[in-house]
Every structure is written in structure tokens, then in C-alpha cells.
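Student: Just one file: entry-v4.cif, with mmCIF, C-alpha atoms.
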```
data_target
loop_
_atom_site.label_atom_id
_atom_site.label_comp_id
_atom_site.auth_asym_id
_atom_site.auth_seq_id
_atom_site.Cartn_x
_atom_site.Cartn_y
_atom_site.Cartn_z
CA MET A 696 102.58 281.93 -38.24
CA GLY A 697 103.75 282.78 -34.73
CA LYS A 698 107.10 284.50 -34.29
CA ILE A 699 109.48 283.25 -31.61
CA LYS A 700 112.47 285.04 -30.11
CA ILE A 701 115.90 283.56 -30.74
CA ASP A 702 119.44 284.44 -29.62
CA THR A 703 120.28 288.02 -30.63
CA ASN A 704 123.62 286.69 -31.91
CA ALA A 705 121.95 286.40 -35.33
CA PHE A 706 123.54 286.59 -38.79
CA LEU A 707 122.98 287.48 -42.43
CA TYR A 708 122.00 284.69 -44.85
CA PRO A 709 124.26 283.88 -46.58
CA MET A 710 127.56 285.78 -46.12
CA PRO A 711 130.21 286.23 -48.86
CA MET A 712 133.62 284.71 -48.08
CA VAL A 713 136.84 286.60 -48.76
CA LEU A 714 140.50 286.39 -47.88
CA ILE A 715 142.01 289.55 -46.40
CA GLY A 716 145.64 290.08 -47.39
CA THR A 717 148.17 292.00 -45.30
CA THR A 718 151.86 292.11 -44.60
CA VAL A 719 152.61 291.15 -41.01
CA GLU A 720 156.14 290.88 -39.71
CA ASN A 721 157.43 291.21 -43.27
CA ARG A 722 155.41 288.24 -44.51
CA ALA A 723 152.30 288.08 -46.70
CA ASN A 724 149.37 286.82 -44.62
CA PHE A 725 145.80 285.86 -45.50
CA MET A 726 142.79 285.65 -43.21
CA ALA A 727 139.30 284.26 -43.94
CA VAL A 728 136.53 286.81 -43.35
CA ALA A 729 132.76 286.75 -43.96
CA TRP A 730 131.87 290.02 -42.22
CA VAL A 731 132.53 292.28 -45.17
CA SER A 732 130.48 294.73 -47.25
CA ARG A 733 130.76 297.60 -49.70
CA VAL A 734 130.21 300.79 -47.68
CA ASN A 735 130.62 303.74 -50.05
CA VAL A 736 129.77 304.35 -53.72
CA ARG A 737 132.22 307.13 -54.73
CA PRO A 738 135.05 306.55 -54.12
CA PRO A 739 134.43 302.79 -53.86
CA MET A 740 135.04 301.58 -50.31
CA ILE A 741 134.85 298.25 -48.53
CA GLY A 742 134.35 297.68 -44.81
CA MET A 743 135.47 294.50 -43.11
CA CYS A 744 135.33 293.53 -39.50
CA LEU A 745 137.94 291.68 -37.46
CA GLY A 746 138.15 290.57 -33.85
CA LYS A 747 140.64 292.79 -32.04
CA THR A 748 143.19 290.11 -31.27
CA HIS A 749 143.85 288.84 -34.79
CA TYR A 750 147.37 288.58 -36.19
CA THR A 751 146.23 290.63 -39.22
CA ASN A 752 145.31 293.83 -37.34
CA PRO A 753 148.84 295.14 -36.55
CA GLY A 754 149.74 294.61 -40.23
CA ILE A 755 146.90 296.91 -41.26
CA HIS A 756 147.88 299.46 -38.64
CA GLU A 757 151.48 299.44 -39.82
CA ASN A 758 150.93 299.59 -43.59
CA LYS A 759 147.53 301.35 -43.74
CA THR A 760 146.42 298.96 -46.48
CA PHE A 761 144.75 295.56 -46.94
CA SER A 762 143.54 293.47 -49.86
CA VAL A 763 140.19 291.75 -50.35
CA ASN A 764 140.39 288.56 -52.41
CA VAL A 765 137.24 286.77 -53.57
CA PRO A 766 138.04 283.05 -53.85
CA GLY A 767 136.44 280.50 -56.17
CA MET A 768 135.19 277.12 -55.02
CA ASP A 769 138.50 275.47 -55.99
CA LEU A 770 140.05 277.29 -53.00
CA LEU A 771 137.40 276.18 -50.47
CA GLU A 772 139.69 274.01 -48.31
CA LYS A 773 142.48 276.61 -48.37
CA VAL A 774 140.07 279.39 -47.36
CA ASP A 775 138.81 277.31 -44.46
CA TYR A 776 142.39 276.57 -43.46
CA CYS A 777 143.08 280.34 -43.42
CA GLY A 778 140.20 280.64 -40.93
CA LEU A 779 141.49 277.80 -38.76
CA VAL A 780 145.14 278.74 -38.39
CA SER A 781 146.71 282.05 -37.28
CA GLY A 782 149.54 283.61 -39.26
CA LYS A 783 151.39 283.54 -35.94
CA ASN A 784 151.71 279.78 -36.31
CA ASP A 785 151.97 279.22 -40.04
CA ASP A 786 153.12 280.94 -43.23
CA LYS A 787 149.77 280.87 -45.05
CA SER A 788 151.23 282.65 -48.08
CA ARG A 789 152.71 279.25 -49.07
CA LEU A 790 149.16 278.19 -50.06
CA PHE A 791 148.92 280.73 -52.89
CA ASP A 792 150.84 282.58 -55.60
CA VAL A 793 151.10 286.15 -54.37
CA PHE A 794 151.12 289.25 -56.57
CA TYR A 795 151.19 293.00 -55.93
CA GLY A 796 149.45 295.96 -57.59
CA GLU A 797 149.97 299.65 -56.86
CA LEU A 798 150.11 299.57 -53.08
CA PRO A 799 153.23 298.25 -51.37
CA HIS A 800 152.85 295.64 -48.61
CA THR A 801 149.41 294.64 -49.93
CA PRO A 802 149.61 291.04 -51.13
CA MET A 803 146.92 289.63 -53.41
CA ILE A 804 146.20 286.06 -54.50
CA GLN A 805 146.82 285.03 -58.10
CA GLN A 806 144.34 282.12 -57.79
CA CYS A 807 141.40 284.39 -56.80
CA PRO A 808 139.02 285.53 -59.57
CA LEU A 809 138.73 289.02 -58.00
CA CYS A 810 141.36 290.89 -55.97
CA MET A 811 140.99 294.42 -54.61
CA GLU A 812 143.83 296.43 -53.05
CA CYS A 813 142.55 298.93 -50.50
CA ARG A 814 144.01 301.96 -48.75
CA LEU A 815 142.80 302.25 -45.15
CA VAL A 816 140.63 305.36 -44.76
CA LYS A 817 138.92 304.81 -41.42
CA GLU A 818 138.94 302.48 -38.48
CA VAL A 819 135.82 302.14 -36.34
CA ASP A 820 136.43 300.88 -32.82
CA LEU A 821 133.60 298.64 -31.57
CA PRO A 822 133.39 296.69 -28.29
CA THR A 823 134.96 293.39 -29.42
CA ASN A 824 135.79 294.12 -33.06
CA THR A 825 137.42 296.68 -35.30
CA LEU A 826 135.77 297.74 -38.55
CA PHE A 827 138.40 298.61 -41.13
CA ILE A 828 137.20 300.76 -44.04
CA GLY A 829 139.38 300.94 -47.13
CA GLU A 830 139.16 302.67 -50.49
CA ILE A 831 139.54 300.31 -53.44
CA ILE A 832 142.63 301.57 -55.27
CA GLY A 833 142.97 298.72 -57.73
CA ALA A 834 140.78 295.77 -58.79
CA TYR A 835 142.12 292.76 -60.69
CA THR A 836 140.61 289.79 -62.50
CA GLU A 837 141.27 287.74 -65.65
CA GLU A 838 139.58 287.78 -69.06
CA ARG A 839 138.19 284.29 -68.43
CA PHE A 840 135.97 285.58 -65.56
CA LEU A 841 134.29 288.29 -67.68
CA THR A 842 131.15 288.22 -69.79
CA GLU A 843 130.58 291.30 -71.92
CA GLY A 844 133.21 293.13 -69.88
CA LYS A 845 131.57 292.46 -66.50
CA LEU A 846 132.59 289.96 -63.85
CA ASP A 847 130.41 286.88 -64.24
CA SER A 848 129.74 285.09 -60.95
CA ARG A 849 128.96 281.85 -62.82
CA LYS A 850 132.56 281.89 -64.04
CA MET A 851 134.01 283.01 -60.69
CA VAL A 852 132.13 280.28 -58.71
CA PRO A 853 132.21 282.06 -55.34
CA PHE A 854 130.85 280.48 -52.17
CA THR A 855 129.14 281.70 -49.01
CA LEU A 856 129.00 280.97 -45.29
CA THR A 857 126.08 280.60 -42.91
CA MET A 858 126.37 280.84 -39.12
CA PRO A 859 125.77 279.59 -36.45
CA ASP A 860 125.43 276.26 -38.30
CA ASN A 861 128.84 276.94 -39.91
CA ASN A 862 128.26 275.68 -43.43
CA TYR A 863 129.65 276.72 -46.80
CA TRP A 864 127.32 276.95 -49.80
CA GLY A 865 127.67 277.29 -53.54
CA MET A 866 125.74 279.87 -55.52
CA GLY A 867 122.38 278.70 -56.86
CA ASN A 868 120.43 279.58 -59.95
CA ASN A 869 119.78 283.00 -61.40
CA VAL A 870 116.30 283.91 -60.16
CA GLY A 871 115.79 287.33 -61.72
CA LYS A 872 117.12 290.74 -62.71
CA ALA A 873 117.55 293.32 -59.97
CA TRP A 874 115.94 296.77 -60.32
CA SER A 875 113.64 295.05 -62.78
CA ILE A 876 111.44 292.15 -61.68
CA GLY A 877 109.71 294.29 -59.06
CA LYS A 878 108.24 296.39 -61.87
CA ASN A 879 105.56 293.70 -62.16
CA LEU A 880 104.18 294.95 -58.84
CA LYS A 881 104.11 298.55 -60.01
CA ALA A 882 101.67 297.60 -62.74
CA GLY A 883 99.35 295.82 -60.34
CA LYS A 884 99.51 298.58 -57.76
CA MET B 322 146.88 283.42 -66.02
CA GLY B 323 147.43 287.13 -66.55
CA LYS B 324 145.64 289.58 -64.29
CA ILE B 325 143.92 292.61 -65.82
CA LYS B 326 142.79 295.78 -64.09
CA ILE B 327 139.08 296.49 -63.96
CA ASP B 328 136.93 299.35 -62.65
CA THR B 329 137.65 299.93 -58.95
CA ASN B 330 133.88 300.09 -58.43
CA ALA B 331 134.03 296.36 -57.61
CA PHE B 332 131.76 294.29 -55.37
CA LEU B 333 131.51 291.25 -53.13
CA TYR B 334 130.23 287.98 -54.65
CA PRO B 335 127.45 287.39 -53.81
CA MET B 336 125.80 289.89 -51.43
CA PRO B 337 122.99 289.01 -48.97
CA MET B 338 119.70 290.86 -49.53
CA VAL B 339 117.75 292.36 -46.64
CA LEU B 340 114.91 294.79 -46.09
CA ILE B 341 115.64 297.64 -43.67
CA GLY B 342 112.60 298.69 -41.65
CA THR B 343 112.09 302.18 -40.23
CA THR B 344 109.32 304.56 -39.30
CA VAL B 345 109.38 307.64 -41.53
CA GLU B 346 106.74 310.34 -41.25
CA ASN B 347 104.71 308.08 -38.94
CA ARG B 348 104.59 305.23 -41.48
CA ALA B 349 106.39 301.90 -41.57
CA ASN B 350 108.84 301.87 -44.48
CA PHE B 351 111.04 299.16 -45.98
CA MET B 352 114.12 299.57 -48.14
CA ALA B 353 116.09 296.90 -50.05
CA VAL B 354 119.79 296.76 -49.05
CA ALA B 355 122.66 294.44 -49.99
CA TRP B 356 125.50 296.38 -48.35
CA VAL B 357 125.12 294.87 -44.91
CA SER B 358 127.32 292.86 -42.56
CA ARG B 359 127.70 291.76 -38.96
CA VAL B 360 130.30 294.09 -37.41
CA ASN B 361 130.66 293.12 -33.74
CA VAL B 362 130.49 289.84 -31.80
CA ARG B 363 129.50 290.94 -28.26
CA PRO B 364 127.08 292.64 -28.14
CA PRO B 365 125.88 291.51 -31.58
CA MET B 366 125.90 294.42 -34.03
CA ILE B 367 125.02 294.87 -37.69
CA GLY B 368 126.32 297.57 -40.02
CA MET B 369 124.40 298.63 -43.11
CA CYS B 370 125.18 301.29 -45.60
CA LEU B 371 122.78 303.73 -47.27
CA GLY B 372 123.21 306.50 -49.79
CA LYS B 373 122.78 309.82 -48.00
CA THR B 374 119.65 310.95 -49.79
CA HIS B 375 117.40 307.98 -49.02
CA TYR B 376 113.94 308.41 -47.52
CA THR B 377 114.92 305.93 -44.77
CA ASN B 378 117.79 307.94 -43.26
CA PRO B 379 115.76 310.65 -41.43
CA GLY B 380 113.63 307.88 -39.90
CA ILE B 381 116.74 306.30 -38.40
CA HIS B 382 117.97 309.68 -37.18
CA GLU B 383 114.63 310.41 -35.53
CA ASN B 384 113.98 307.06 -33.85
CA LYS B 385 117.57 305.80 -33.38
CA THR B 386 116.49 302.32 -34.45
CA PHE B 387 116.10 300.17 -37.57
CA SER B 388 115.18 296.58 -38.35
CA VAL B 389 116.97 294.09 -40.60
CA ASN B 390 114.63 291.59 -42.24
CA VAL B 391 116.01 288.59 -44.18
CA PRO B 392 113.49 287.70 -46.89
CA GLY B 393 112.85 284.30 -48.43
CA MET B 394 112.63 283.70 -52.17
CA ASP B 395 108.80 284.02 -52.08
CA LEU B 396 109.34 287.76 -51.45
CA LEU B 397 111.76 288.29 -54.37
CA GLU B 398 109.51 290.58 -56.43
CA LYS B 399 108.46 292.59 -53.39
CA VAL B 400 112.08 293.05 -52.28
CA ASP B 401 113.02 294.28 -55.74
CA TYR B 402 110.05 296.62 -55.70
CA CYS B 403 111.29 298.04 -52.37
CA GLY B 404 114.56 298.83 -54.16
CA LEU B 405 112.82 300.46 -57.11
CA VAL B 406 110.39 302.78 -55.38
CA SER B 407 111.02 305.36 -52.64
CA GLY B 408 108.81 305.51 -49.56
CA LYS B 409 108.29 309.13 -50.56
CA ASN B 410 106.12 307.94 -53.42
CA ASP B 411 104.48 304.79 -52.11
CA ASP B 412 103.37 303.17 -48.85
CA LYS B 413 105.53 300.04 -49.10
CA SER B 414 104.23 298.70 -45.78
CA ARG B 415 101.09 297.63 -47.70
CA LEU B 416 103.19 294.82 -49.23
CA PHE B 417 103.73 293.05 -45.89
CA ASP B 418 102.19 292.25 -42.51
CA VAL B 419 104.08 294.41 -40.03
CA PHE B 420 104.86 293.45 -36.42
CA TYR B 421 106.79 295.07 -33.57
CA GLY B 422 109.10 293.68 -30.88
CA GLU B 423 110.66 295.57 -27.99
CA LEU B 424 111.70 298.76 -29.76
CA PRO B 425 109.03 301.30 -30.68
CA HIS B 426 108.96 302.69 -34.24
CA THR B 427 110.89 299.65 -35.52
CA PRO B 428 108.64 297.74 -37.91
CA MET B 429 109.47 294.16 -38.88
CA ILE B 430 108.01 291.92 -41.56
CA GLN B 431 105.89 288.94 -40.57
CA GLN B 432 106.63 287.19 -43.88
CA CYS B 433 110.44 287.23 -43.38
CA PRO B 434 112.07 284.12 -41.89
CA LEU B 435 114.47 286.25 -39.81
CA CYS B 436 113.84 289.73 -38.37
CA MET B 437 116.25 291.68 -36.18
CA GLU B 438 115.37 294.89 -34.34
CA CYS B 439 118.41 297.10 -33.81
CA ARG B 440 119.20 300.12 -31.66
CA LEU B 441 121.45 302.62 -33.43
CA VAL B 442 124.84 302.77 -31.70
CA LYS B 443 127.02 304.56 -34.22
CA GLU B 444 126.81 306.38 -37.51
CA VAL B 445 129.89 306.58 -39.74
CA ASP B 446 129.86 309.44 -42.21
CA LEU B 447 131.50 308.51 -45.53
CA PRO B 448 131.76 310.59 -48.72
CA THR B 449 128.54 309.47 -50.47
CA ASN B 450 127.08 307.04 -47.93
CA THR B 451 126.27 306.67 -44.26
CA LEU B 452 127.13 303.48 -42.41
CA PHE B 453 124.58 302.83 -39.67
CA ILE B 454 125.69 300.45 -36.93
CA GLY B 455 123.03 298.96 -34.68
CA GLU B 456 122.98 296.55 -31.76
CA ILE B 457 120.63 293.60 -32.26
CA ILE B 458 118.12 293.93 -29.40
CA GLY B 459 115.71 291.22 -30.53
CA ALA B 460 115.77 288.48 -33.19
CA TYR B 461 112.65 286.69 -34.41
CA THR B 462 111.90 283.63 -36.51
CA GLU B 463 109.39 280.75 -36.58
CA GLU B 464 109.74 277.11 -35.50
CA ARG B 465 109.42 276.02 -39.12
CA PHE B 466 112.73 277.69 -40.06
CA LEU B 467 114.74 275.89 -37.35
CA THR B 468 116.65 272.59 -37.41
CA GLU B 469 117.91 271.42 -34.05
CA GLY B 470 117.26 274.89 -32.64
CA LYS B 471 119.34 276.73 -35.26
CA LEU B 472 118.15 278.73 -38.25
CA ASP B 473 118.34 276.49 -41.31
CA SER B 474 119.06 278.39 -44.50
CA ARG B 475 117.57 275.55 -46.58
CA LYS B 476 114.25 276.27 -44.87
CA MET B 477 114.64 280.07 -45.04
CA VAL B 478 115.49 280.05 -48.79
CA PRO B 479 117.34 283.40 -48.85
CA PHE B 480 118.67 284.94 -52.04
CA THR B 481 121.64 287.09 -53.00
CA LEU B 482 122.57 289.92 -55.36
CA THR B 483 125.53 290.41 -57.67
CA MET B 484 126.58 293.76 -59.13
CA PRO B 485 127.31 295.35 -61.57
CA ASP B 486 125.43 292.70 -63.60
CA ASN B 487 122.43 293.19 -61.24
CA ASN B 488 121.23 289.63 -60.85
CA TYR B 489 119.53 287.78 -58.00
CA TRP B 490 120.63 284.24 -57.15
CA GLY B 491 119.35 281.38 -55.05
CA MET B 492 121.56 279.54 -52.60
CA GLY B 493 123.31 276.49 -53.99
CA ASN B 494 124.39 273.22 -52.45
CA ASN B 495 126.12 272.67 -49.15
CA VAL B 496 129.79 272.29 -50.05
CA GLY B 497 131.36 271.71 -46.63
CA LYS B 498 131.58 272.48 -42.93
CA ALA B 499 133.32 275.69 -41.90
CA TRP B 500 136.16 275.60 -39.38
CA SER B 501 136.48 271.96 -40.38
CA ILE B 502 137.23 271.02 -44.00
CA GLY B 503 140.48 272.96 -43.95
CA LYS B 504 141.83 270.51 -41.39
CA ASN B 505 142.67 268.24 -44.33
CA LEU B 506 145.41 270.70 -45.23
CA LYS B 507 146.82 270.69 -41.71
CA ALA B 508 147.55 266.99 -41.99
CA GLY B 509 149.28 267.39 -45.34
CA LYS B 510 151.30 270.40 -44.18
#
```
Could you spell out this file's structure in C-alpha cells?

Tutor:
Amino acid sequence: MGKIKIDTNAFLYPMPMVLIGTTVENRANFMAVAWVSRVNVRPPMIGMCLGKTHYTNPGIHENKTFSVNVPGMDLLEKVDYCGLVSGKNDDKSRLFDVFYGELPHTPMIQQCPLCMECRLVKEVDLPTNTLFIGEIIGAYTEERFLTEGKLDSRKMVPFTLTMPDNNYWGMGNNVGKAWSIGKNLKAGK
Amino acid sequence: MGKIKIDTNAFLYPMPMVLIGTTVENRANFMAVAWVSRVNVRPPMIGMCLGKTHYTNPGIHENKTFSVNVPGMDLLEKVDYCGLVSGKNDDKSRLFDVFYGELPHTPMIQQCPLCMECRLVKEVDLPTNTLFIGEIIGAYTEERFLTEGKLDSRKMVPFTLTMPDNNYWGMGNNVGKAWSIGKNLKAGK
């Protein structure tokens, strides 16, 4: 099939949705972010990318921490709301029950199946965005989201985002084991 | 419900799977990566994170480019194979039809619904990993993956990874429009 060129403003398919927690002007604030990834194995680190003008950024600069909260589908509307409205104009912490772990000024969301509190370790300045890299200092879940001691995404019910069509998606079926199903090709090499 | 602490080696749910293309020792090579994210709006940039000892890394250092290829479900076994076997030990380019865009030494995969060729702009050294940040110079798809001129994930059929359970997942149902469904909460403020 013939390849065609499209806009270089292209995206990953699909992108995980999280809520970034910070304290800004002495108030817990949460922001919806899909540009987020693990970036280091040991110690565990997460990178997440924000436009430079967001209300969240000064809170990270001040406290040198942020939290990453993975929401379940039951929070879909609230997550979208957190992406629509700036903390400048609304107290978004009213949408959730907030709890704290080891790091001060690092609010996490009781209703999220996975919450990670991160200490800022590096900030990468890019033309329109800032990439914040944090070490995961504490990770929190509940027994009901575990299967054999591991987080079970079928119990967490996370959702994803695609751009530029701007749609949210559920997770589909299990289609195979990683670091495993490719072994079939080794045999037929 | 009561929160419990878990291993800080925690992950995003779910993570998008891509194949990173490079030229290493004069041969096209492809590596499976799930730690990847957009990191800048203008110009469009992608960040992706590799362990420091991978076969791919010297190829990026030498050519200052890499490609990001989003595979469809029909490539699931091949993608997993690319995560199981190092380019040191096998010519993984034999698995795909390779094409090139504007950047030399930056192989892309004909069979992938979305391919992005990237020029390296920054490298962030972290304790066990290197975060490579590249500007998207060219993006390629086919007419059959578009709906109204935009990439349509239902036609692309991407898949995702969860860790530490190491499972691949399809995409589920459309559950709402982003920057939209949260407006319901604004009204009921």
C-alpha cells in the first residue's frame, strides 16, 4: 500500500490518562495529562510533560514533588473536567477525596486505583513544554485491585486518549503474553 | 477503602507499544518500546526511553535520528519478537518491509499504520536509562487508516502493554469525547 505524508503533529496510539497532583497556592490541584511515561528502571522514575503556562508548574517548582494518579473509568467525566478547567478558576480538589503519603504537599486521589508520589529529580526545558522527571517514592493501591499480588488492569479499568480525534477509549481484550508470544517466530526462524 | 503501599516500581496503565527504528552497523534494526510519550507541542517531539546497554543506542548516537512506528494488532507476534531478541543476534529487518522518508539511516516499517521519522534533539542521561528526545520530521500513514483526514485508531488497531503482569491488550470501546464530556460537571458545579 502507498504511504502518504500527514501532519508531523502526530501522536501515540493510544495514550494512558493520568491526573497529576500538586499543591498550588496552598491548595491541592489536579491536572489531566496523557503525555506521560516511565523513564528509568532503577530507581523507578516517571516523566510527564506540561505546557509551560499551566497552573500546575509553579506548584512543582515550589515543592519539588508531584503525584501521578491513574484513574478508573468511573472517574472519566471528572478527569475530562480536570483537563477543561484550570486550577486558577476552580478548586478541583473538591471532586475527590485527597490523601497524602510520605511527601508533603503531594496530594493523591483516594478514588484512583493507583497513586504514585514522586520527588522531582530533573526538569527538561523544551521549546513549548517542560518535561518533569520524578522518582517514585511511594505507590499506593487497594487489595481489591490486585490479583496474585500484582495490579490487575481488568480490576483497575483504566482508559486511554487518542489525538487529534480527541476520544477516550476503554481497554480491550487480553491478546497475549509479553516477552512470550514472539517465541513462536524464533522457532520458525 | 484502605490504601496499601506497593512496590515503587509501578507503571502506567496501559502503555502504547511502538517499534523504534535505527541503523546499527549498517543494518536496519527495530526494537520494541512501551516507554514513549509526546513531549513537546511545537515543534512536535517524542521522547522514548531505553536501557543503556541496548543495541539500538549506538545507532542513535551515530546517526542522530530514530523512527517511531506504531504497529497494528497483525504485527503483535513480530513486535514481541523484537522485544525478545537483540539486533546483535538477529537481523530483525527481515520481519518487515523497510522504507525511508527524508532522513537517511532512519528505517520505517511499511506494515505499520503510523511511522514517524525523528531527528534527535536531546538526550537525557538517567541512572539506568537514556531518554532520547526527537523532533518529528515526517509522519506517514495510508489512506485506509484515515477517517475525515484524521488517523482513526479503530482502523489502525493498535495494542498496549501492562507491566509487571506483562500482558498485551487491544483497544476497547469509545467511551466519550475528550475536552467535552467533563462539561456536564461544569453545569452541576

Student: Could you give me, as a tab-separated table, a per-residue list for chain B showing, wherever an atom lies at most 6 Å from an atom of chain A, the closest pair of atoms and their distance in Å to one decimal, using only C-alpha atoms and sorting by chain then residue number from low to high?

Tutor:
```
residue	atom	partner	partner_atom	distance
B:Lys324	CA	A:Glu837	CA	4.9
B:Ile325	CA	A:Tyr835	CA	5.4
B:Lys326	CA	A:Tyr835	CA	4.6
B:Ile327	CA	A:Ala834	CA	5.5
B:Thr329	CA	A:Ala834	CA	5.2
B:Asn330	CA	A:Pro739	CA	5.3
B:Pro335	CA	A:Pro711	CA	5.8
B:Pro337	CA	A:Pro709	CA	5.8
B:Trp356	CA	A:Ser732	CA	5.4
B:Val357	CA	A:Ser732	CA	5.9
B:Ser358	CA	A:Trp730	CA	5.4
B:Arg359	CA	A:Trp730	CA	5.6
B:Val360	CA	A:Cys744	CA	5.5
B:Asn361	CA	A:Asn824	CA	5.3
B:Pro365	CA	A:Asn704	CA	5.3
B:Cys370	CA	A:Val734	CA	5.5
B:Glu398	CA	A:Gly877	CA	4.6
B:Asp401	CA	A:Gly877	CA	4.7
B:Tyr402	CA	A:Gly877	CA	4.1
B:Leu405	CA	A:Trp874	CA	5.8
B:Asn450	CA	A:Asn735	CA	5.3
B:Ile457	CA	A:Thr703	CA	5.8
B:Gly459	CA	A:Thr703	CA	5.6
B:Ala460	CA	A:Thr703	CA	5.2
B:Tyr461	CA	A:Lys700	CA	4.6
B:Thr462	CA	A:Lys698	CA	5.4
B:Glu463	CA	A:Lys698	CA	5.0
B:Asn487	CA	A:Ala873	CA	5.0
B:Asn488	CA	A:Lys872	CA	4.6
B:Tyr489	CA	A:Gly871	CA	5.3
B:Trp490	CA	A:Asn869	CA	4.5
B:Gly491	CA	A:Gly867	CA	4.4
B:Met492	CA	A:Gly867	CA	4.4
B:Gly493	CA	A:Gly867	CA	3.7
B:Asn494	CA	A:Gly865	CA	5.3
B:Asn495	CA	A:Trp864	CA	4.5
B:Val496	CA	A:Trp864	CA	5.3
B:Gly497	CA	A:Tyr863	CA	5.3
B:Lys498	CA	A:Asn862	CA	4.6
B:Ala499	CA	A:Asn861	CA	5.1
B:Trp500	CA	A:Leu779	CA	5.8
B:Ile502	CA	A:Glu772	CA	5.8
B:Gly503	CA	A:Tyr776	CA	4.1
```

Student: Hey, can you check how far CA of Val728 (chain A) sits from CA of Leu340 (chain B)?

Tutor: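 Computed distance, CA of Val728 (chain A) to CA of Leu340 (chain B), equals 23.2 Å.
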
Student: Output the residue selection produced by the PyMOL selection byres ((chain A and resi 801) around 9) on the file above, formatted as a CSV table (one decimal) with C-alpha atoms, in the frame of the given file.

Tutor:
```csv
chain,number,residue,atom,x,y,z
A,716,GLY,CA,145.6,290.1,-47.4
A,717,THR,CA,148.2,292.0,-45.3
A,718,THR,CA,151.9,292.1,-44.6
A,723,ALA,CA,152.3,288.1,-46.7
A,758,ASN,CA,150.9,299.6,-43.6
A,760,THR,CA,146.4,299.0,-46.5
A,761,PHE,CA,144.8,295.6,-46.9
A,762,SER,CA,143.5,293.5,-49.9
A,794,PHE,CA,151.1,289.2,-56.6
A,795,TYR,CA,151.2,293.0,-55.9
A,796,GLY,CA,149.4,296.0,-57.6
A,797,GLU,CA,150.0,299.6,-56.9
A,798,LEU,CA,150.1,299.6,-53.1
A,799,PRO,CA,153.2,298.2,-51.4
A,800,HIS,CA,152.8,295.6,-48.6
A,802,PRO,CA,149.6,291.0,-51.1
A,803,MET,CA,146.9,289.6,-53.4
A,812,GLU,CA,143.8,296.4,-53.0
A,813,CYS,CA,142.6,298.9,-50.5
```

Student: Can you measure CA of Cys807 (chain A) to CA of Phe725 (chain A) for me? One decimal in Å is fine.

Tutor: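 Between CA of Cys807 (chain A) and CA of Phe725 (chain A) the gap is 12.2 Å.
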
Student: Using only C-alpha atoms, which of the listed residues (B:Ile341, B:Arg475, B:His375, B:Asn347) sits closest to Asp412 (chain B)?

Tutor: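 Going through B:Ile341, B:Arg475, B:His375, B:Asn347 one by one, the smallest distance to Asp412 (chain B) is for B:Asn347.
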